[in-house]
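Okay, coords22.txt is below, compact mmCIF, C-alpha atoms:
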# COMPACT_ATOMS: atom_id res chain seq x y z
CA MET A 1 -1.34 -18.30 11.92
CA LEU A 2 -0.90 -15.08 9.96
CA ASP A 3 2.12 -16.45 8.10
CA ALA A 4 0.13 -19.55 7.21
CA CYS A 5 -2.74 -17.34 6.05
CA ALA A 6 -0.41 -15.34 3.78
CA GLU A 7 0.95 -18.52 2.19
CA LEU A 8 -2.52 -19.92 1.65
CA VAL A 9 -3.87 -16.73 0.12
CA ASP A 10 -1.05 -16.84 -2.43
CA GLU A 11 -1.90 -20.45 -3.23
CA VAL A 12 -5.71 -20.54 -3.20
CA GLY A 13 -6.80 -16.89 -3.14
CA TYR A 14 -9.11 -15.26 -0.63
CA GLU A 15 -12.16 -17.17 -1.86
CA GLY A 16 -10.38 -20.50 -1.44
CA LEU A 17 -9.15 -19.71 2.07
CA THR A 18 -10.98 -21.53 4.86
CA THR A 19 -10.41 -21.69 8.58
CA THR A 20 -9.95 -25.45 8.25
CA LEU A 21 -7.17 -24.99 5.67
CA LEU A 22 -5.59 -22.37 7.88
CA ALA A 23 -5.63 -24.62 10.93
CA GLU A 24 -4.05 -27.44 8.93
CA ARG A 25 -1.32 -25.20 7.48
CA ALA A 26 -0.58 -23.57 10.84
CA GLU A 27 -0.62 -27.00 12.49
CA VAL A 28 -3.09 -25.90 15.17
CA ALA A 29 -6.49 -27.13 16.22
CA ILE A 30 -9.45 -25.41 14.56
CA GLY A 31 -10.52 -24.25 18.02
CA SER A 32 -7.25 -22.32 18.31
CA VAL A 33 -8.09 -20.44 15.12
CA TYR A 34 -11.53 -19.52 16.47
CA GLN A 35 -10.02 -18.55 19.82
CA PHE A 36 -8.31 -15.62 18.08
CA PHE A 37 -10.44 -15.03 14.96
CA PRO A 38 -14.21 -15.39 14.50
CA ASP A 39 -13.92 -15.97 10.73
CA LYS A 40 -11.59 -15.79 7.74
CA ARG A 41 -12.33 -12.10 7.22
CA ALA A 42 -10.95 -11.34 10.69
CA ILE A 43 -7.83 -13.38 9.96
CA VAL A 44 -7.25 -11.54 6.69
CA GLN A 45 -7.93 -8.22 8.41
CA ALA A 46 -5.23 -9.00 10.99
CA LEU A 47 -2.83 -10.01 8.20
CA THR A 48 -3.62 -6.81 6.30
CA LEU A 49 -3.05 -4.65 9.37
CA ARG A 50 0.28 -6.37 9.96
CA THR A 51 1.21 -5.78 6.33
CA MET A 52 0.28 -2.10 6.54
CA GLU A 53 2.37 -1.73 9.69
CA SER A 54 5.28 -3.36 7.85
CA TYR A 55 4.81 -1.01 4.89
CA LEU A 56 4.76 2.03 7.18
CA GLN A 57 7.83 0.76 9.03
CA ARG A 58 9.64 0.35 5.70
CA LEU A 59 8.66 3.90 4.76
CA ASP A 60 9.81 5.28 8.11
CA GLU A 61 13.18 3.59 7.59
CA ARG A 62 13.49 4.98 4.06
CA PHE A 63 12.41 8.44 5.19
CA ALA A 64 14.94 8.40 8.03
CA SER A 65 17.79 8.12 5.53
CA ASP A 66 19.48 11.23 4.18
CA ASP A 67 19.00 9.99 0.60
CA LEU A 68 15.59 11.64 0.36
CA THR A 69 16.14 15.31 -0.44
CA HIS A 70 12.87 16.24 -2.15
CA TRP A 71 9.24 15.30 -1.50
CA TRP A 72 9.27 13.35 -4.76
CA ASP A 73 11.99 11.09 -3.34
CA GLY A 74 9.52 10.19 -0.59
CA VAL A 75 6.76 9.40 -3.09
CA ASP A 76 9.23 7.36 -5.14
CA ALA A 77 10.24 5.44 -2.00
CA ALA A 78 6.56 4.76 -1.20
CA ILE A 79 5.99 3.36 -4.70
CA ASP A 80 9.21 1.33 -4.60
CA GLU A 81 8.25 -0.23 -1.27
CA TYR A 82 4.77 -1.07 -2.58
CA ILE A 83 6.31 -2.77 -5.62
CA SER A 84 8.84 -4.57 -3.44
CA MET A 85 6.08 -5.90 -1.22
CA HIS A 86 4.28 -7.27 -4.29
CA ARG A 87 7.45 -9.19 -5.09
CA THR A 88 8.52 -10.33 -1.65
CA VAL A 89 5.73 -10.34 0.97
CA PRO A 90 3.60 -13.50 1.00
CA GLY A 91 -0.08 -12.75 0.53
CA PHE A 92 0.42 -9.10 -0.47
CA ARG A 93 0.04 -9.55 -4.21
CA THR A 94 -3.37 -11.11 -3.60
CA LEU A 95 -4.66 -9.02 -0.69
CA HIS A 96 -2.85 -5.70 -1.13
CA PHE A 97 -4.19 -3.60 1.72
CA GLY A 98 -7.40 -5.60 2.01
CA ASP A 99 -9.39 -4.29 -0.94
CA VAL A 100 -10.00 -7.84 -2.18
CA VAL A 101 -11.95 -8.51 1.01
CA ASP A 102 -13.51 -5.15 1.81
CA MET A 103 -12.76 -1.60 0.63
CA HIS A 104 -13.10 -0.55 4.29
CA LEU A 105 -11.09 -3.34 5.88
CA LEU A 106 -8.55 -1.01 7.50
CA ASP A 107 -11.03 1.65 8.63
CA GLU A 108 -14.83 1.64 8.72
CA GLN A 109 -15.06 5.30 7.67
CA ARG A 110 -12.44 5.48 4.90
CA ASP A 111 -11.48 3.16 2.11
CA ASN A 112 -8.19 1.28 2.31
CA ASN A 113 -6.33 3.47 -0.18
CA GLY A 114 -7.56 6.54 1.70
CA VAL A 115 -5.91 5.16 4.84
CA ILE A 116 -2.67 4.67 2.91
CA ALA A 117 -2.92 8.22 1.50
CA ASP A 118 -3.41 9.54 5.08
CA GLN A 119 -0.28 7.77 6.23
CA LEU A 120 1.68 8.96 3.21
CA ALA A 121 0.51 12.54 3.85
CA ARG A 122 1.69 12.20 7.46
CA VAL A 123 5.20 11.06 6.57
CA LEU A 124 5.57 13.52 3.66
CA THR A 125 4.43 16.39 5.88
CA GLU A 126 6.76 15.38 8.71
CA ARG A 127 9.78 14.91 6.44
CA PHE A 128 9.28 17.60 3.79
CA GLY A 129 7.01 20.15 5.47
CA LEU A 130 4.13 19.86 3.02
CA ALA A 131 1.53 20.93 5.59
CA GLY A 132 0.73 24.08 3.62
CA VAL A 133 -0.09 22.31 0.36
CA PRO A 134 -3.76 22.90 -0.47
CA ASP A 135 -5.78 19.68 -0.72
CA LEU A 136 -2.68 17.50 -0.20
CA GLN A 137 -4.77 14.66 1.20
CA PHE A 138 -7.09 14.66 -1.82
CA HIS A 139 -4.22 14.73 -4.32
CA LEU A 140 -2.45 11.90 -2.55
CA GLU A 141 -5.65 9.84 -2.61
CA VAL A 142 -5.85 10.33 -6.39
CA ALA A 143 -2.17 9.45 -6.75
CA VAL A 144 -2.48 6.33 -4.57
CA GLU A 145 -5.50 5.13 -6.57
CA ALA A 146 -3.70 5.67 -9.88
CA ALA A 147 -0.49 4.01 -8.70
CA ASP A 148 -2.39 1.09 -7.17
CA ALA A 149 -4.32 0.43 -10.40
CA LEU A 150 -1.21 0.58 -12.59
CA ILE A 151 0.90 -1.54 -10.26
CA LYS A 152 -1.85 -4.18 -10.20
CA LEU A 153 -1.86 -4.07 -14.02
CA ALA A 154 1.92 -4.56 -14.07
CA PHE A 155 1.66 -7.66 -11.87
CA ARG A 156 -1.23 -9.08 -13.89
CA ARG A 157 0.87 -8.78 -17.03
CA ARG A 158 3.99 -10.37 -15.54
CA PRO A 159 4.49 -12.21 -12.25
CA GLU A 160 7.53 -10.07 -11.41
CA GLY A 161 5.79 -6.88 -12.58
CA ASP A 162 5.92 -5.44 -16.09
CA GLU A 163 8.74 -2.91 -15.82
CA ARG A 164 7.34 -0.70 -18.59
CA VAL A 165 4.05 -0.32 -16.75
CA LEU A 166 5.84 0.31 -13.44
CA VAL A 167 7.97 3.07 -15.02
CA GLU A 168 4.85 4.66 -16.50
CA ALA A 169 3.06 4.46 -13.15
CA LYS A 170 5.86 6.38 -11.47
CA ALA A 171 5.97 8.96 -14.27
CA LEU A 172 2.21 9.49 -14.15
CA VAL A 173 2.14 9.93 -10.37
CA ARG A 174 5.19 12.16 -10.39
CA GLU A 175 3.78 14.47 -13.06
CA TYR A 176 0.37 14.64 -11.40
CA LEU A 177 1.77 15.41 -7.96
CA HIS A 178 4.29 17.89 -9.37
CA ARG A 179 1.38 19.90 -10.80
CA GLN A 180 -0.50 19.69 -7.52
CA VAL A 181 2.34 20.19 -5.03
CA ASP A 182 5.23 22.13 -6.58
CA GLU A 183 3.26 24.42 -8.88
CA ARG A 184 0.68 25.30 -6.20
CA THR A 185 3.36 25.80 -3.54
CA GLU A 186 5.33 28.09 -5.88
CA ALA A 187 2.19 30.03 -6.84
CA ALA A 188 1.33 30.56 -3.14
CA ARG A 189 4.75 32.02 -2.30
CA PRO A 190 4.88 35.82 -2.09
CA SER A 191 6.92 37.45 -4.84

Please go through the file and, once you have read it, give me the structure as structure tokens.
Amino acid sequence: MLDACAELVDEVGYEGLTTTLLAERAEVAIGSVYQFFPDKRAIVQALTLRTMESYLQRLDERFASDDLTHWWDGVDAAIDEYISMHRTVPGFRTLHFGDVVDMHLLDEQRDNNGVIADQLARVLTERFGLAGVPDLQFHLEVAVEAADALIKLAFRRRPEGDERVLVEAKALVREYLHRQVDERTEAARPS
């Protein structure tokens, strides 16, 4: 049902999605849909959670490689995976991480991009030892918001993503985080 939901969201958008359409596409009785999901929001929430798990799995795989030698390589990998998902994962370009439906779809207390920033902070800290960076969580939230907005712009301009905008998004995030991570870490080191 989730695969059918992703296909439908790409075709008709969230507003056009109905449980009846979903049942027809998934080739199941409408009662089967309601057995698992009370409404279309719950279906999209399940799809979004699956997509986030896929994104985090992709990041874990990238972070497990020896190709990432600096924290920026990890941020670059996170952006690359996000862009790749826009291009390849059904439903993602429309739903992203659920913000089209509800800014708190992934977590009732934090907005969706805040959840992504938390996860990114976790993997960056584990891989690159950034635990001592002051306000890392806050700076990653700012970076995620900026990257998200620019990547959405790139895909509004061109279906495959406007490469110029994507390059600028990476440059903007890299420069911002460099000022917040590297410069503060260097300033905190004893001479």

Q | Near-region 123-134 of chain A list (12 Å; all atoms listed in the file; drop same-chain fewer than 4 positions) as a ChimeraX atom specification | A | /A:56-78,116-119,138-140,177-189

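Comparing A:Ala169, A:Val12, A:Ala42, A:Leu136 by their smallest distance to Lys152 (chain A), the closest is A:Ala169 (using all atoms listed in the file).
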
Q: Would you please work out which residue, of A:Ser32, A:Glu11, A:Thr18, A:Phe97, is nearest to Asn112 (chain A) when using all atoms listed in the file?
A: A:Phe97

I'd like a table as a Markdown table: residues in region 50-138 of chain A with an atom no more than 10 Å from region 163-167 of chain A, each row giving the shortest atom pair and its distance in Å to one decimal, only C-alpha atoms counted, sorted by chain and rising residue number.
| residue | atom | partner | partner_atom | distance |
| --- | --- | --- | --- | --- |
| A:Ile79 | CA | A:Leu166 | CA | 9.3 |
| A:Asp80 | CA | A:Leu166 | CA | 9.5 |
| A:Ile83 | CA | A:Leu166 | CA | 8.4 |

Centre and edge lengths, as AutoDock Vina command-line options, for the axis-aligned box enclosing every listed atom of region 41-44 of chain A with 3 Å of padding on each of the six sides, in Å to one decimal?
--center_x -9.8 --center_y -12.4 --center_z 8.7 --size_x 11.1 --size_y 8.0 --size_z 10.0

(Q) For Gly91 (chain A), find every residue with an atom within 7 Å (counting all atoms listed in the file), except residues of its own chain fewer than 4 positions away, and show them as a ChimeraX atom specification. (A) /A:6-7,9-10,95

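Comparing A:Gln137, A:Thr94, A:Thr51, A:Asn113 by their smallest distance to Glu81 (chain A), the closest is A:Thr51 (using all atoms listed in the file).
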
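Across the structure, CA of Leu47 (chain A) and CA of Leu2 (chain A) are spaced 5.7 Å apart.
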
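Closest approach to Val89 (chain A) among A:Arg25, A:Arg50, A:Arg156, A:Arg110: A:Arg50, based on only C-alpha atoms.
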
Q) Taking into account only C-alpha atoms, which residue in the set A:Gly161, A:Lys170, A:Ala147, A:Met1 is nearest to Ile30 (chain A)? A) A:Met1

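The smallest atom-to-atom distance between Ala46 (chain A) and any of A:Asp3, A:Ser84, A:Ala23, A:Arg157, using only C-alpha atoms, is found for A:Asp3.
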